[in-house]
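Q: Could you have a look at this structure, given as C-alpha cells, before my questions?
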Amino acid sequence: MRMINDDLFIEINEGNVVILGPNLERFSDSGRIEPCWAPVFYNPAMKMDRDISICVLSAFQKLIGKRLKICEALSATGVRGLRYAKEVGNVEKIFLNDVNSLAYNLIKINVLKNGLSEKVTVFHTDANVLLAYFARRGRRFNVVDIDPFGSPVPFLDNAIRAVENKGLLCVTATDLAPLMGVYKKACLRKYGAYSIKTEFSQEIGLRILIGYIARTAAKYGVGITPLFSYYRRHYMRVFAQVRIGKKLADKSLSEIGYLAFCPKCGRIIVQKSMFFKKDICEKCEKEMEIIGPLWLGKTGIREFIKDVINFYQTRKNILEKKGLILLSRILEEIELPPYFYTTSYITRKYNFKREPSLSALVNKLKMRGFKASLTHFSSKGFKTNASISDIVEIFKLLQNI
C-alpha cells in the first residue's frame with residue numbers, strides 16, 4: 001500500500017510490540033505535536049495508561065481465573081489491543097475494530113508484524129454495530145475496552161450489553177471540560193448530571209462518569225463494581241466489573257447521590273439520595289451548590305489495586321516511577337470521602353499567609369484522630385474525614401511551625 005511507503009508512518013516500539021504508526025513530527029505546529037491531526041490516532045502520552053491497563057487486565061484474569069476474550073472497539077493503530085495480546089497472560093482471543101479504512105488496514109499490518117494472526121481478529125465497522133452483534137449470551141466478551149477520542153457516552157449502552165456476567169468494562173473519557181464543570185450544559189446533556197468548576201472538579205468528573213455508567217447499566221438489569229478508577233492529565237479511566245441481576249443493579253444505584261458544596265466556606269455534605277435536594281450551609285446560612293448525581297461509593301477495591309501494583313512492579317519493561325506513585329496514592333486514598341481539598345484553596349479562602357506542607361498537614365490530621373491522605377487528583381490535594389472547621393483549625397496551628 002502506498003501509504004506505508006511514505007514518511008507519514010514510522011515504526012514505533014512500545015512494550016512488547018512493534019507497530020507502524022503515524023510519524024507525529026509531520027503533524028506538529030510550532031513544535032507542538034497533536035495526535036488527533038494524524039490520519040490514524042496514536043498518542044505516546046498514553047503509554048503509561050496502556051501500561052497500567054495491562055496490569056489491570058492481568059489482575060482481572062487472576063481474579064476470574066479463566067482465559068480472556070477481549071474486544072477493543074475503537075482501536076486506531078491497534079497498539080493497546082496488540083499489547084494485551086502479547087503482555088496479558090491467558091488471552092484466548094482479541095477483537096480489534098475501527099471504522100476508519102486507513103486504521104483498519106494499519107491494524108491488519110500491525111497484527112502481521114507482531115505474529116498475532118491466530119490470536120487477533122480485525123473488524124472494519126461501526127463500534128456500536130460490532131458491540132450490538134456480540135451482545136448476546138454465548139457471544140459476549142470477558143473484557144470490553146472503550147477508549148474514544150472524547151466522550152464514551154455514545155458507546156456505553158452496547159458496550160455494557162456486550163460484556164458477559166462478571167466481565168470487565170474499561171472506559172476512558174477525555175471530554176474533561178464538561179465533566180469538570182467548565183461546560184455545565186454539556187455535562188447535563190451528555191451525562192445527565194450537574195458539575196461545577198472548583199478545586200476538586202477532577203474527582204467530581206470521575207464520579208459523574210462512574211455514576212453515569214452505573215445508571216446506564218441499571219437500564220439492562222446490570223450492576224457494576226468499580227475495581228480501579230483514576231484521573232490523569234487529559235483523561236479519566238474506569239475499570240468496572242459487570243454483574244447481571246436486577247438486585248445488583250439496585251445495589252449500584254444505591255451508591256449514587258449528590259454532594260452539596262458551600263462556595264463561601266468550602267463545607268461539603270454527602271447526600272446519599274437519588275433525589276435532588278437543596279441545602280443551606282449551617283455555617284454560612286448560604287445556599288449550597290448541588291453536584292450530581294454521581295458515584296459516592298468506592299472508586300476501586302483495595303485488594304484488587306494491590307494486585308495491580310504487584311503486576312506493575314514485576315513488569316520491568318514497563319515500570320515507571322511515576323506510574324507506581326500514582327497507583328500507590330490511589331491505594332492510600334481509596335476508602336476516604338468522595339471529595340478532596342487543596343492547600344492552596346484553604347490558604348486562599350481563609351486568608352492564611354502561607355500554605356503548609358502537605359505531609360505536615362496529613363500527619364497533623366492523623367494525630368488528631370482523623371483519616372487523611374494525599375490524593376492522586378492534585379499535587380496539592382488531600383483527603384480527610386475532618387470537617388472544614390477542623391481543617392482550618394489545623395491550618396492555624398501549622399502557620400506557627
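Residue numbering restarts at 1 for every chain of the C-alpha cells, chains are lettered A, B, ... in their displayed order, and ligands are numbered from 1 as they appear.
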Give the helix (DSSP H, G or I) residues of stretch 126-355 of chain A, as assigned by DSSP on the backbone, as a PyMOL selection string.

A: chain A and resi 127-133+153-161+176-179+184-191+201-218+246-253+302-314+321-333+343-349

Q: Of the residues A:Tyr339, A:Tyr230, A:Tyr350, A:Phe395, which is the one nearest to A:Leu209, using only C-alpha atoms?

A: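 Among the listed residues, the smallest separation from A:Leu209 belongs to A:Tyr230.
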
Q: Point out the residue among A:Val238, A:Ala214, A:Ile224, A:Leu20 with the least atom-to-atom distance to A:Gly167, counting only C-alpha atoms.

A: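 Result for the nearest residue to A:Gly167: A:Ile224.
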
Q: So that I can see what lies close to stretch 363-367 of chain A, please list as a PyMOL selection string the residues with an atom at most 8 Å from it, counting only C-alpha atoms and leaving out residues fewer than 3 positions away in the same chain.

A: chain A and resi 359-360+370-372+384+386+391+394
